[in-house]
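Enquirer: Please see the structure below; I have some questions.
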Amino acid sequence: IDHLGNIVWQTNYVEGWYDIIRTNDNGYIACGNWYIVKLDSGGNTVWLKSYFSGFPRYYKTIITANDGGFLAAGVIVDFQYDTSKCLLTRINDTGGVVWEKKYRLDNRHAGIECITSINNGYAIAGNTDDTIINNGVFSNTFFGRTDNSGNLVYKKIYFTDRSEYMQDMKKTNDNNFILTSQRLQLFINDSSYAKIFVTDSLGIIKREKNISSPDEVVFNSLITISNGDIIFAGEADFIASGGRDDIYIIR
């Protein structure tokens, strides 16, 4: 669409996509389940590659790799009853696999939701949980760092007393990170809110703020703007007994 919201071109696919970015050739690249598709500037398919390996894999996000090509991140299961693992797939400009990395976090289920380039590697964020549920805690969010080859060199898990799910992460100009996650209700009348937090380069939380509503609120994405402010976008339900979800944006 253009800046007035008018449709410039439209392309339809059977599969849904989780993420799309602009590429250096003014085209686009998008990822979803086990597919990655390259589009030209008019939305025409340049190539579409399937990376299906017999069991589920989901590419949640894609970026331009530090050394060229692209890096897709998500979650994979290699066999039935396998523990889900973080997945990084580095591809070249035509979709060929250069390398692929998979890892758990302390033998916990894990998957990547967000990735961004940093010096000498990448910062990742996502979700992880124990195979044995303790005290009703199902999921925790995590922050991590890898080298340029996708090897995990650092991780920090944010343990809480409620399930939380990572939604988005961006790097700020001062080499901090801004993240947003959703805290779920554990029981009726329990609090549910969107968490916004700023961390240093190692994921140590420096500031945080909870945005609540009578029923539910979640920010699916965020952007930083030139003056340092941050815009969060998602949805919220402001009726305690349950009602309609409203588009919700805050700055």
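Labels for the structure tokens follow display order: chains A, B, ..., residues from 1 in each chain, ligands from 1.
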Per residue of range 80-172 of chain A within 12 Å of range 1-19 of chain A, record the nearest atom pair and its distance in Å to one decimal, counting only C-alpha atoms, with rows in chain order and ascending residue number, as a tab-separated table.

Expert:
```
residue	atom	partner	partner_atom	distance
A:Glu113	CA	A:Tyr18	CA	9.8
A:Cys114	CA	A:Asp19	CA	10.1
A:Ile115	CA	A:Asp19	CA	11.4
A:Gln167	CA	A:Tyr18	CA	11.9
A:Asp168	CA	A:Asp19	CA	11.5
```

Enquirer: Please compute the CA of Ala194 in chain A-CA of Asn176 in chain A distance, one decimal, in Å.

Expert: 19.6 Å

Enquirer: So which residues of range 6-219 of chain A fall under strand (DSSP E or B) by DSSP, listed as a VMD selection string?

Expert: chain A and resid 19 to 22 28 to 32 35 to 39 45 to 50 57 to 64 70 to 76 85 to 91 97 to 103 105 108 to 118 121 to 129 134 137 140 to 147 152 to 158 164 to 171 177 to 183 193 to 199 205 to 212 216 to 219

Enquirer: Could you pull the residues within 12 Å of Lys170 in chain A, counting only C-alpha atoms, minus those fewer than 2 positions along the same chain, as a ChimeraX atom specification?

Expert: /A:113-118,122-125,143,167-168,172-180,196-201,221-225,230-232

Enquirer: Of the candidates A:Leu184, A:Ala110, A:Ala30, A:Met166, which shows the shortest atom-to-atom distance to Leu71 in chain A, using only C-alpha atoms?

Expert: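 Smallest separation from Leu71 in chain A among the options: A:Ala30.
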
Enquirer: Between CA of Asn33 in chain A and CA of Arg90 in chain A, what distance in Å does the model show, to one decimal?

Expert: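 CA of Asn33 in chain A sits 15.7 Å away from CA of Arg90 in chain A.
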
Enquirer: Out of A:Ile62, A:Ser226, A:Ser213, A:Ser41, which residue has the shortest atom-to-atom distance to Asp246 in chain A when counting only C-alpha atoms?

Expert: A:Ser213

Enquirer: Measuring atom to atom with only C-alpha atoms, identify which of A:Lys49, A:Arg104, A:Lys38, A:Lys209 is nearest to Leu152 in chain A.

Expert: A:Arg104

Enquirer: Report the distance between CA of Val75 in chain A and CA of Leu87 in chain A in Å, rounded to one decimal place.

Expert: 5.0 Å

Enquirer: So, counting only C-alpha atoms, which residue among A:Tyr193, A:Phe219, A:Phe142, A:Tyr103 is closest to Ile250 in chain A?

Expert: A:Phe219

Enquirer: Quick one: residues within 7 Å of Asn140 in chain A, only C-alpha atoms counted, chain neighbours fewer than 3 positions away excluded, as a list in words?

Expert: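 Result of the neighbour search: Asn127, Thr128, Asp129, Ile157, Tyr158, Phe159, Thr160, Ser163, Glu164 and Tyr165 of chain A.
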
Enquirer: Restricting the calculation to only C-alpha atoms: of A:Thr141, A:Asn92, A:Asn220, A:Asn24, which residue gets closest to Ile112 in chain A?

Expert: A:Thr141
